[in-house]
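Engineer: Quick one: structure below, then a few questions.
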Amino acid sequence: MERDREFSIEELGEIAELSSDHPRRREFERSPRGRALLATYRSFVNPGAAGAEAGLEQARAHLQALLVRELGQSAGPAAAGAAGERRPPSNSWSWRSWAALRPVLALAVMVIVAAGAWVATQHRGASNPVLRGRRVGGTVELALHAPRATAEGLELSWEPVAGADRYEVAFFASDLGDLAHAPATSEPRLVLSLATLPSGLTRGSTVLWQVSARRGDTPLAQSETSPLQIP
Amino acid sequence: MSDTHRNAPDEELLRRVREDPDGAAGRAAIEALLGRYMERIYLYCFRMVRDRDRALDLAQESMIDALRGLPGFEGRARFASWLFAIVRNRCRTALRPRSLTRDDEVETDELSDGGANPEALWIEREGEARLERLVMEHLEPLEQSAIWLRCVEGMPVDEITRVLGVESASGARGLLQTARRKLRAALSREEQTGKGEPDGTR
């Protein structure tokens with residue numbers, strides 16, 4: 001968990017609930033850092049009304065779709081319920097009728113998909129509801145391999161990136177606070193010796209790891225953060 | 001979302017996630033938990049970057065970070081403050097820190113010297129500890145908060161006005177102008193007396 005020098009971010013929720021004359025809160029608010037953190041935390045928890053310029057409705061739809069996708073649910077409970085209640089078509093077709101029409105339907109689907117793809121490419125813009133990718137700072141995405149326990153320790157590896165002359169591996173706490181940075185390596189792998197873990201990492205903990213590929217000072221690619229269980 | 005999820009406190013939903021991390025009940029609890037903070041995450045990002053697309057990117061990245069980090073969340077903190085830390089980190093990374101004494105969003109007619117600004121570079125190297133000492137020594141409490149939110153949190157001036165509830169006509173802009181003028185004067189004095197040299201000799 002990130003510490004902002006003398007304050008831990010994890011204290012914020014608790015501190016915000018204390019009365020304004022509570023000694024802990026007064027101590028926290030003594031410095032500009034503490035007051036700023038509390039003010040920003042309160043604005044996060046109680047954001048107030050959003051103006052139309054925020055585009056909240058559209059954002060909500062995007063983020064809800066993201067949640068459903070990331071949780072591996074093709075439909076949420078409400079949609080699943082609706083599907084279960086779907087009535088059969090009023091005009092029944094026999095399976096033979098469907099079988100006879102299958103090639104025609106397949107062709108129609110292909111035409112519709114192709115037309116849809118063309119329309120999408122023509123109208124790609126700010127209002128496009130397609131979920132955005134997770135690239136950072138204009139770099140391409142770097143693919144991580146699953147961590148592997150070896151005789152040497154814990155092997156972290158990733159797909160090499162063309163043109164990269166070094167890779168930097170960073171470790172984060174679950175709130176993305178910095179934990180450790182491994183020395184840069186030119187190989188697309190890093191072995192963490194469990195006997196001599198980088199300062200900030202402890203055995204038995206779960207952290208996030210992320211790899212950045214660089215050529216000189218130019219960032220070329222970056223992976224997503226991925227969980228890592230340190231045995 | 002079912003009523004049992006909608007009305008459950010965060011701690012209860014987290015308990016359900018821990019009990020069934022890979023099952024349907026756990027997924028439903030995660031969806032409910034993050035779903036209730038989704039708008040807050042987005043609005044915070046929007047108010048920080050003032051751009052819908054950029055805010056949506058940041059909100060999406062924050063939510064993915066939260067999903068990935070949830071197994072490691074031990075419940076020592078309030079869920080809201082843990083999530084806030086994630087969103088804040090994302091926004092801070094996305095926003096370049098504002099220079100202490102120069103700022104395009106704040107009129108700097110009497111401050112700008114039109115040339116290089118060694119003090120700003122120096123402060124950036126020295127970091128937050130140096131800034132904290134300076135602002136505590138030389139600024140009023142409200143000015144301290146305003147300059148901190150602007151320079152360290154990277155918060156837009158209008159948002160600082162809202163967050164701090166500044167009611168004067170010029171809002172946080174006036175506070176920041178005053179704060180920058182005082183800090184620049186203080187820096188100049190320290191430069192002359194040799195206090196707070198960047199090589200750590202202070």
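Every chain in the structure tokens has a letter given in the order shown (A, B, ...), and although residue numbers restart at 1 in each chain, ligands are simply numbered from 1 in the order shown.
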Give the residues of chain B that lie within 6 Å of chain A; count only C-alpha atoms, and format the answer as a VMD selection string.
Structural biologist: chain B and resid 44 69 72 77 to 78 81 85 to 86 144 to 145 149
Engineer: Any idea what the distance is between CA of Arg214 in chain A and CA of Thr150 in chain A?
Structural biologist: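 Between CA of Arg214 in chain A and CA of Thr150 in chain A the gap works out to 26.7 Å.
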Engineer: Grab the CA of Glu167 in chain B to CA of Ile15 in chain A distance for me, in Å with one decimal place.
Structural biologist: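 One can read the CA of Glu167 in chain B to CA of Ile15 in chain A distance as 25.6 Å.
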